[in-house]
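Content type PDB, C-alpha atoms, from the file run01.pdb:
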```pdb
ATOM      1  CA  MET A   1     -50.471 -21.735 127.094
ATOM      2  CA  ARG A   2     -46.762 -21.410 126.408
ATOM      3  CA  HIS A   3     -45.691 -23.783 129.209
ATOM      4  CA  SER A   4     -45.602 -27.556 128.790
ATOM      5  CA  TYR A   5     -45.301 -28.249 132.532
ATOM      6  CA  LEU A   6     -46.756 -25.798 135.038
ATOM      7  CA  VAL A   7     -46.821 -26.101 138.831
ATOM      8  CA  ILE A   8     -49.252 -24.166 141.039
ATOM      9  CA  GLU A   9     -48.209 -24.216 144.688
ATOM     10  CA  GLY A  10     -49.276 -22.496 147.876
ATOM     11  CA  ASN A  11     -50.052 -22.873 151.555
ATOM     12  CA  ILE A  12     -53.026 -24.837 152.880
ATOM     13  CA  GLY A  13     -56.196 -23.078 151.742
ATOM     14  CA  SER A  14     -54.544 -20.824 149.157
ATOM     15  CA  GLY A  15     -56.735 -22.072 146.296
ATOM     16  CA  LYS A  16     -54.103 -23.925 144.264
ATOM     17  CA  THR A  17     -56.234 -26.949 143.357
ATOM     18  CA  THR A  18     -59.182 -24.778 142.359
ATOM     19  CA  LEU A  19     -56.917 -22.682 140.139
ATOM     20  CA  VAL A  20     -55.429 -25.804 138.538
ATOM     21  CA  ASN A  21     -58.916 -27.057 137.686
ATOM     22  CA  MET A  22     -59.864 -23.713 136.150
ATOM     23  CA  LEU A  23     -56.634 -23.408 134.136
ATOM     24  CA  ALA A  24     -56.898 -26.972 132.865
ATOM     25  CA  ALA A  25     -60.482 -26.341 131.755
ATOM     26  CA  LYS A  26     -59.536 -23.115 129.994
ATOM     27  CA  TYR A  27     -56.460 -24.404 128.165
ATOM     28  CA  GLY A  28     -57.263 -28.089 127.810
ATOM     29  CA  GLY A  29     -54.346 -29.153 129.982
ATOM     30  CA  ARG A  30     -53.813 -32.458 131.725
ATOM     31  CA  LYS A  31     -54.178 -32.203 135.511
ATOM     32  CA  VAL A  32     -52.016 -33.852 138.149
ATOM     33  CA  LEU A  33     -53.818 -33.429 141.471
ATOM     34  CA  GLU A  34     -52.495 -34.544 144.816
ATOM     35  CA  GLY A  35     -54.495 -37.296 146.517
ATOM     36  CA  PHE A  36     -54.313 -35.810 150.037
ATOM     37  CA  ALA A  37     -57.197 -37.913 151.290
ATOM     38  CA  ASP A  38     -55.281 -41.132 150.607
ATOM     39  CA  ASN A  39     -52.721 -40.517 153.381
ATOM     40  CA  PRO A  40     -53.922 -42.609 156.353
ATOM     41  CA  PHE A  41     -51.559 -40.770 158.724
ATOM     42  CA  LEU A  42     -52.860 -37.259 158.002
ATOM     43  CA  PRO A  43     -55.790 -37.159 160.472
ATOM     44  CA  LYS A  44     -53.524 -38.766 163.093
ATOM     45  CA  PHE A  45     -50.845 -36.155 162.418
ATOM     46  CA  TYR A  46     -53.204 -33.249 163.027
ATOM     47  CA  ASN A  47     -54.194 -34.830 166.366
ATOM     48  CA  ASP A  48     -50.634 -35.752 167.423
ATOM     49  CA  PRO A  49     -48.047 -33.961 165.212
ATOM     50  CA  LYS A  50     -44.872 -35.087 166.983
ATOM     51  CA  ARG A  51     -45.783 -38.755 166.943
ATOM     52  CA  PHE A  52     -46.953 -39.002 163.333
ATOM     53  CA  ALA A  53     -44.883 -36.316 161.557
ATOM     54  CA  PHE A  54     -42.281 -38.666 160.080
ATOM     55  CA  ALA A  55     -44.871 -41.223 158.980
ATOM     56  CA  VAL A  56     -47.084 -38.627 157.294
ATOM     57  CA  GLU A  57     -44.154 -36.983 155.473
ATOM     58  CA  MET A  58     -42.640 -40.271 154.285
ATOM     59  CA  PHE A  59     -46.004 -41.428 152.966
ATOM     60  CA  PHE A  60     -46.501 -38.156 151.103
ATOM     61  CA  LEU A  61     -42.985 -38.268 149.658
ATOM     62  CA  ALA A  62     -43.425 -41.790 148.301
ATOM     63  CA  GLU A  63     -46.891 -41.105 146.883
ATOM     64  CA  ARG A  64     -45.926 -37.764 145.319
ATOM     65  CA  TYR A  65     -42.859 -39.242 143.686
ATOM     66  CA  HIS A  66     -44.783 -42.239 142.368
ATOM     67  CA  GLN A  67     -47.540 -40.068 140.903
ATOM     68  CA  LEU A  68     -45.239 -37.460 139.366
ATOM     69  CA  ASN A  69     -42.914 -40.101 137.958
ATOM     70  CA  ASN A  70     -45.806 -41.855 136.239
ATOM     71  CA  GLU A  71     -47.549 -38.710 135.009
ATOM     72  CA  LEU A  72     -44.604 -36.578 133.878
ATOM     73  CA  LEU A  73     -42.622 -39.306 132.173
ATOM     74  CA  GLN A  74     -45.660 -40.395 130.174
ATOM     75  CA  GLN A  75     -46.867 -37.103 128.702
ATOM     76  CA  SER A  76     -50.211 -37.351 126.940
ATOM     77  CA  LEU A  77     -50.154 -36.661 123.212
ATOM     78  CA  PHE A  78     -53.635 -35.184 123.483
ATOM     79  CA  SER A  79     -52.880 -32.427 126.007
ATOM     80  CA  GLN A  80     -51.133 -29.168 125.247
ATOM     81  CA  PHE A  81     -49.555 -29.063 128.653
ATOM     82  CA  THR A  82     -49.534 -30.656 132.118
ATOM     83  CA  ILE A  83     -50.514 -28.668 135.196
ATOM     84  CA  SER A  84     -50.062 -29.842 138.775
ATOM     85  CA  ASP A  85     -51.224 -28.525 142.143
ATOM     86  CA  TYR A  86     -47.998 -29.631 143.823
ATOM     87  CA  SER A  87     -44.340 -30.414 143.251
ATOM     88  CA  LEU A  88     -42.096 -32.886 145.029
ATOM     89  CA  GLY A  89     -40.567 -29.854 146.723
ATOM     90  CA  LYS A  90     -43.743 -29.656 148.791
ATOM     91  CA  SER A  91     -42.509 -32.670 150.723
ATOM     92  CA  LEU A  92     -39.298 -30.857 151.599
ATOM     93  CA  ILE A  93     -41.174 -27.730 152.666
ATOM     94  CA  PHE A  94     -43.564 -29.498 155.014
ATOM     95  CA  SER A  95     -40.969 -31.921 156.374
ATOM     96  CA  LYS A  96     -38.655 -29.068 157.312
ATOM     97  CA  ALA A  97     -41.487 -27.453 159.233
ATOM     98  CA  ASN A  98     -42.667 -30.678 160.890
ATOM     99  CA  LEU A  99     -39.679 -32.953 161.517
ATOM    100  CA  ASP A 100     -36.963 -32.983 164.139
ATOM    101  CA  ARG A 101     -33.420 -32.397 162.878
ATOM    102  CA  ASP A 102     -32.368 -36.073 162.782
ATOM    103  CA  GLU A 103     -35.594 -37.101 161.065
ATOM    104  CA  PHE A 104     -35.246 -34.302 158.535
ATOM    105  CA  GLU A 105     -31.664 -35.270 157.637
ATOM    106  CA  LEU A 106     -32.779 -38.829 156.869
ATOM    107  CA  PHE A 107     -35.797 -37.556 154.959
ATOM    108  CA  PHE A 108     -33.653 -35.146 152.932
ATOM    109  CA  ARG A 109     -31.361 -37.936 151.704
ATOM    110  CA  MET A 110     -34.292 -39.818 150.228
ATOM    111  CA  TYR A 111     -35.840 -36.634 148.837
ATOM    112  CA  LYS A 112     -32.680 -35.703 146.890
ATOM    113  CA  VAL A 113     -32.520 -39.090 145.174
ATOM    114  CA  MET A 114     -36.151 -38.824 144.041
ATOM    115  CA  MET A 115     -36.014 -35.151 143.084
ATOM    116  CA  ASN A 116     -33.093 -35.642 140.717
ATOM    117  CA  GLN A 117     -35.119 -38.107 138.665
ATOM    118  CA  LEU A 118     -38.070 -35.814 137.918
ATOM    119  CA  PRO A 119     -38.511 -33.139 135.224
ATOM    120  CA  LYS A 120     -38.361 -29.505 136.319
ATOM    121  CA  PRO A 121     -41.415 -27.266 135.707
ATOM    122  CA  ASP A 122     -41.290 -24.555 133.040
ATOM    123  CA  LEU A 123     -42.866 -22.206 135.578
ATOM    124  CA  PHE A 124     -43.451 -22.535 139.316
ATOM    125  CA  VAL A 125     -46.331 -20.356 140.550
ATOM    126  CA  TYR A 126     -46.720 -19.714 144.272
ATOM    127  CA  LEU A 127     -50.093 -18.347 145.420
ATOM    128  CA  HIS A 128     -49.732 -16.144 148.476
ATOM    129  CA  ARG A 129     -52.517 -15.272 150.913
ATOM    130  CA  ASP A 130     -52.163 -14.051 154.493
ATOM    131  CA  VAL A 131     -52.807 -16.483 157.331
ATOM    132  CA  LYS A 132     -56.176 -14.987 158.288
ATOM    133  CA  GLU A 133     -57.483 -15.528 154.774
ATOM    134  CA  LEU A 134     -56.090 -19.068 154.665
ATOM    135  CA  GLN A 135     -57.990 -19.889 157.841
ATOM    136  CA  MET A 136     -61.217 -18.577 156.333
ATOM    137  CA  ASN A 137     -60.772 -20.813 153.288
ATOM    138  CA  ILE A 138     -59.929 -23.832 155.439
ATOM    139  CA  LYS A 139     -63.130 -23.353 157.430
ATOM    140  CA  LYS A 140     -65.195 -22.970 154.252
ATOM    141  CA  ARG A 141     -64.168 -26.355 152.885
ATOM    142  CA  GLY A 142     -64.987 -28.038 156.203
ATOM    143  CA  ARG A 143     -62.501 -30.901 156.446
ATOM    144  CA  ASP A 144     -62.757 -32.192 160.011
ATOM    145  CA  TYR A 145     -59.089 -33.071 160.388
ATOM    146  CA  GLU A 146     -58.058 -29.535 159.337
ATOM    147  CA  ALA A 147     -60.196 -27.846 161.987
ATOM    148  CA  GLY A 148     -57.338 -27.652 164.483
ATOM    149  CA  ILE A 149     -54.738 -26.087 162.182
ATOM    150  CA  SER A 150     -53.240 -23.135 164.038
ATOM    151  CA  ASP A 151     -52.141 -19.754 162.740
ATOM    152  CA  SER A 152     -48.613 -20.500 163.893
ATOM    153  CA  TYR A 153     -48.511 -23.717 161.866
ATOM    154  CA  LEU A 154     -49.674 -21.931 158.712
ATOM    155  CA  GLN A 155     -47.082 -19.224 159.297
ATOM    156  CA  ARG A 156     -44.365 -21.859 159.737
ATOM    157  CA  ILE A 157     -45.360 -23.500 156.446
ATOM    158  CA  GLN A 158     -45.366 -20.118 154.715
ATOM    159  CA  ASP A 159     -41.884 -19.332 156.011
ATOM    160  CA  SER A 160     -40.657 -22.733 154.807
ATOM    161  CA  TYR A 161     -42.073 -22.046 151.346
ATOM    162  CA  PHE A 162     -40.298 -18.690 151.125
ATOM    163  CA  GLN A 163     -37.006 -20.229 152.206
ATOM    164  CA  PHE A 164     -37.429 -23.062 149.697
ATOM    165  CA  LEU A 165     -38.225 -20.714 146.807
ATOM    166  CA  LYS A 166     -35.106 -18.636 147.421
ATOM    167  CA  GLN A 167     -32.962 -21.735 146.923
ATOM    168  CA  GLN A 168     -34.522 -22.988 143.671
ATOM    169  CA  PRO A 169     -32.896 -22.433 140.232
ATOM    170  CA  LEU A 170     -36.336 -22.174 138.638
ATOM    171  CA  LYS A 171     -38.602 -19.610 137.012
ATOM    172  CA  ILE A 172     -40.822 -18.671 139.945
ATOM    173  CA  LEU A 173     -43.856 -16.406 139.911
ATOM    174  CA  LEU A 174     -44.804 -15.384 143.452
ATOM    175  CA  LEU A 175     -48.348 -14.151 143.015
ATOM    176  CA  ASP A 176     -49.979 -12.265 145.873
ATOM    177  CA  ILE A 177     -53.719 -12.886 145.534
ATOM    178  CA  SER A 178     -54.692 -11.699 149.008
ATOM    179  CA  GLU A 179     -58.323 -10.550 149.143
ATOM    180  CA  LYS A 180     -58.831 -11.605 145.518
ATOM    181  CA  ASN A 181     -61.523 -14.112 144.535
ATOM    182  CA  PHE A 182     -60.675 -15.618 141.153
ATOM    183  CA  ILE A 183     -63.572 -18.087 141.379
ATOM    184  CA  SER A 184     -66.474 -15.645 141.385
ATOM    185  CA  HIS A 185     -64.713 -12.747 139.643
ATOM    186  CA  PRO A 186     -63.751 -13.678 136.042
ATOM    187  CA  PRO A 187     -61.565 -10.561 135.498
ATOM    188  CA  VAL A 188     -59.339 -11.682 138.386
ATOM    189  CA  PHE A 189     -58.979 -15.141 136.862
ATOM    190  CA  GLU A 190     -58.207 -13.682 133.450
ATOM    191  CA  LYS A 191     -55.521 -11.460 134.968
ATOM    192  CA  ILE A 192     -53.933 -14.502 136.597
ATOM    193  CA  CYS A 193     -53.993 -16.289 133.238
ATOM    194  CA  GLN A 194     -52.259 -13.351 131.556
ATOM    195  CA  LEU A 195     -49.529 -13.259 134.187
ATOM    196  CA  ILE A 196     -48.919 -17.000 134.049
ATOM    197  CA  ASP A 197     -48.881 -17.186 130.255
ATOM    198  CA  GLN A 198     -45.741 -15.073 129.918
ATOM    199  CA  SER A 199     -42.019 -15.714 129.622
ATOM    200  CA  TYR A 200     -39.898 -15.183 132.727
ATOM    201  CA  ASN A 201     -36.215 -15.416 133.548
ATOM    202  CA  SER A 202     -34.920 -17.726 136.264
ATOM    203  CA  GLY A 203     -35.429 -16.360 139.755
ATOM    204  CA  ILE A 204     -38.379 -15.034 141.747
ATOM    205  CA  ILE A 205     -40.793 -12.529 140.222
ATOM    206  CA  LYS A 206     -43.116 -11.005 142.829
ATOM    207  CA  LEU A 207     -46.440  -9.631 141.596
ATOM    208  CA  LYS A 208     -49.584  -8.516 143.384
ATOM    209  CA  LEU A 209     -53.040  -8.524 141.842
TER     210      LEU A 209
END
```
Just dump the structure as structure tokens.
Amino acid sequence: MRHSYLVIEGNIGSGKTTLVNMLAAKYGGRKVLEGFADNPFLPKFYNDPKRFAFAVEMFFLAERYHQLNNELLQQSLFSQFTISDYSLGKSLIFSKANLDRDEFELFFRMYKVMMNQLPKPDLFVYLHRDVKELQMNIKKRGRDYEAGISDSYLQRIQDSYFQFLKQQPLKILLLDISEKNFISHPPVFEKICQLIDQSYNSGIIKLKL
């Protein structure tokens, strides 16, 4: 793997964590996985979004920054590269979709301070699937608090991701994996590996499997 720090991002149910696990196993990379289950406000947020949106986003921001700061600034000498299933930018994406304007402005001030202190990824990979397929994956993994996620919410998150990516001075690979199963079909996984393990210029490269 030519990248020393790789980020795999995507909407809820896109398969980013599964892909990170598979890539880390293949290349011997060090994983940084988000501890979503540790946020005590998340189940409450899904039941009452307006009331708990700010609390859930602030908790995620603090935890993501703390984890990334510890992991990325203390690179392991025994791993060829580090691969994460999220970036701090995820906090900005979800907060913009979930917070009122005043709350978002306050959130954004804190986000900027934290973001400026973290290393930038060598490559940012966004996994795209359509909303219908995301819902199928969400149902398959059977998390009770995700059962009420609506199509409109997933679409709002997707739109926020696209807007975020357009504003980033990064090397971004937008990979459309709709209707592709890289878990049970090794050739699909190998194709993803080939596309990721390449050099790209700054900007967004859109590819479809």
Q: Record the distance separating atom CA of Val20 of chain A and atom CA of Asp130 of chain A, expressed in Å with one decimal.
A: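 Separating atom CA of Val20 of chain A from atom CA of Asp130 of chain A is a distance of 20.1 Å.
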Q | Distance query Gly13 of chain A at most 8 Å, all atoms listed in the file, self and fewer than 4 positions along chain excluded, as number ranges by chain | A | A: 134-135, 137-138
**Q.** Shortest interatomic distance to Ser14 of chain A - which of A:Lys96, A:Lys132, A:Lys191, A:Lys171, counting only C-alpha atoms
**A.** A:Lys132
(Q) Can you translate the PyMOL selection byres ((chain A and resi 63) around 12) into the concrete residues it hits in this file, as number ranges by chain? (A) A: 33-40, 56-62, 64-70, 86-88, 91, 114
Determine the axis-aligned bounding box of all atoms of segment 161-164 of chain A present in the file, pad each side by 3 Å, and express its centre and edge lengths in Å to one decimal place as lines of an AutoDock Vina configuration file.
```
center_x = -39.5
center_y = -20.9
center_z = 151.0
size_x = 11.1
size_y = 10.4
size_z = 8.5
```
Q: Determine the nearest neighbour of Pro121 of chain A from the options A:Phe162, A:Phe81, A:Phe94, A:Phe41, counting all atoms listed in the file.
A: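 With all atoms listed in the file as the atom set, the closest residue is A:Phe81.
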**Q.** Selection dump of the PyMOL selection byres ((chain A and resi 17) around 8), as an NGL selection string
**A.** :A and (8 or 15-16 or 18-21 or 33 or 85)
Q | Residue nearest Leu106 of chain A - candidates A:Tyr153, A:Phe54, A:Tyr126, A:Tyr145, atoms counted: all atoms listed in the file | A | A:Phe54
**Q.** Separation of atom CA of Ile93 of chain A from atom CA of Tyr161 of chain A in Å
**A.**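 Separating atom CA of Tyr161 of chain A from atom CA of Ile93 of chain A is a distance of 5.9 Å.
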(Q) Residues within 8 Å of segment 178-185 of chain A, please, as a ChimeraX atom specification. Count all atoms listed in the file; anything in the same chain fewer than 5 positions from it doesn't count. (A) /A:128-130,133,209
**Q.** Separation of atom CA of Leu173 of chain A from atom CA of Ile204 of chain A, in Å and rounded to one decimal
**A.** 5.9 Å
Q. Written as a VMD selection string, which residues does the PyMOL selection byres ((chain A and resi 119) around 10) give for the file shown?
A. chain A and resid 5 68 to 69 72 to 73 115 to 118 120 to 122
Output as a PDB file, in the coordinates of the input: segment 141-157 of chain A, completed with N, CA and C atoms.
```pdb
ATOM      1  N   ARG A 141     -64.108 -25.026 153.504  1.00  0.00           N
ATOM      2  CA  ARG A 141     -64.168 -26.355 152.885  1.00  0.00           C
ATOM      3  C   ARG A 141     -64.490 -27.454 153.887  1.00  0.00           C
ATOM      4  N   GLY A 142     -64.400 -27.187 155.179  1.00  0.00           N
ATOM      5  CA  GLY A 142     -64.987 -28.038 156.203  1.00  0.00           C
ATOM      6  C   GLY A 142     -64.418 -29.432 156.351  1.00  0.00           C
ATOM      7  N   ARG A 143     -63.113 -29.592 156.197  1.00  0.00           N
ATOM      8  CA  ARG A 143     -62.501 -30.901 156.446  1.00  0.00           C
ATOM      9  C   ARG A 143     -62.241 -31.028 157.943  1.00  0.00           C
ATOM     10  N   ASP A 144     -62.815 -32.057 158.559  1.00  0.00           N
ATOM     11  CA  ASP A 144     -62.757 -32.192 160.011  1.00  0.00           C
ATOM     12  C   ASP A 144     -61.333 -32.201 160.541  1.00  0.00           C
ATOM     13  N   TYR A 145     -60.449 -32.925 159.863  1.00  0.00           N
ATOM     14  CA  TYR A 145     -59.089 -33.071 160.388  1.00  0.00           C
ATOM     15  C   TYR A 145     -58.251 -31.799 160.219  1.00  0.00           C
ATOM     16  N   GLU A 146     -58.770 -30.803 159.464  1.00  0.00           N
ATOM     17  CA  GLU A 146     -58.058 -29.535 159.337  1.00  0.00           C
ATOM     18  C   GLU A 146     -58.547 -28.486 160.336  1.00  0.00           C
ATOM     19  N   ALA A 147     -59.561 -28.830 161.111  1.00  0.00           N
ATOM     20  CA  ALA A 147     -60.196 -27.846 161.987  1.00  0.00           C
ATOM     21  C   ALA A 147     -59.241 -27.288 163.034  1.00  0.00           C
ATOM     22  N   GLY A 148     -58.243 -28.087 163.427  1.00  0.00           N
ATOM     23  CA  GLY A 148     -57.338 -27.652 164.483  1.00  0.00           C
ATOM     24  C   GLY A 148     -56.055 -26.997 163.998  1.00  0.00           C
ATOM     25  N   ILE A 149     -55.953 -26.711 162.711  1.00  0.00           N
ATOM     26  CA  ILE A 149     -54.738 -26.087 162.182  1.00  0.00           C
ATOM     27  C   ILE A 149     -54.597 -24.679 162.774  1.00  0.00           C
ATOM     28  N   SER A 150     -53.453 -24.412 163.358  1.00  0.00           N
ATOM     29  CA  SER A 150     -53.240 -23.135 164.038  1.00  0.00           C
ATOM     30  C   SER A 150     -52.644 -22.090 163.098  1.00  0.00           C
ATOM     31  N   ASP A 151     -52.776 -20.838 163.486  1.00  0.00           N
ATOM     32  CA  ASP A 151     -52.141 -19.754 162.740  1.00  0.00           C
ATOM     33  C   ASP A 151     -50.630 -19.928 162.706  1.00  0.00           C
ATOM     34  N   SER A 152     -50.068 -20.354 163.822  1.00  0.00           N
ATOM     35  CA  SER A 152     -48.613 -20.500 163.893  1.00  0.00           C
ATOM     36  C   SER A 152     -48.113 -21.588 162.953  1.00  0.00           C
ATOM     37  N   TYR A 153     -48.906 -22.658 162.793  1.00  0.00           N
ATOM     38  CA  TYR A 153     -48.511 -23.717 161.866  1.00  0.00           C
ATOM     39  C   TYR A 153     -48.539 -23.204 160.430  1.00  0.00           C
ATOM     40  N   LEU A 154     -49.582 -22.487 160.059  1.00  0.00           N
ATOM     41  CA  LEU A 154     -49.674 -21.931 158.712  1.00  0.00           C
ATOM     42  C   LEU A 154     -48.536 -20.946 158.455  1.00  0.00           C
ATOM     43  N   GLN A 155     -48.193 -20.158 159.453  1.00  0.00           N
ATOM     44  CA  GLN A 155     -47.082 -19.224 159.297  1.00  0.00           C
ATOM     45  C   GLN A 155     -45.766 -19.968 159.125  1.00  0.00           C
ATOM     46  N   ARG A 156     -45.591 -21.050 159.855  1.00  0.00           N
ATOM     47  CA  ARG A 156     -44.365 -21.859 159.737  1.00  0.00           C
ATOM     48  C   ARG A 156     -44.252 -22.466 158.342  1.00  0.00           C
ATOM     49  N   ILE A 157     -45.366 -22.951 157.799  1.00  0.00           N
ATOM     50  CA  ILE A 157     -45.360 -23.500 156.446  1.00  0.00           C
ATOM     51  C   ILE A 157     -45.043 -22.405 155.432  1.00  0.00           C
TER      52      ILE A 157
END
```
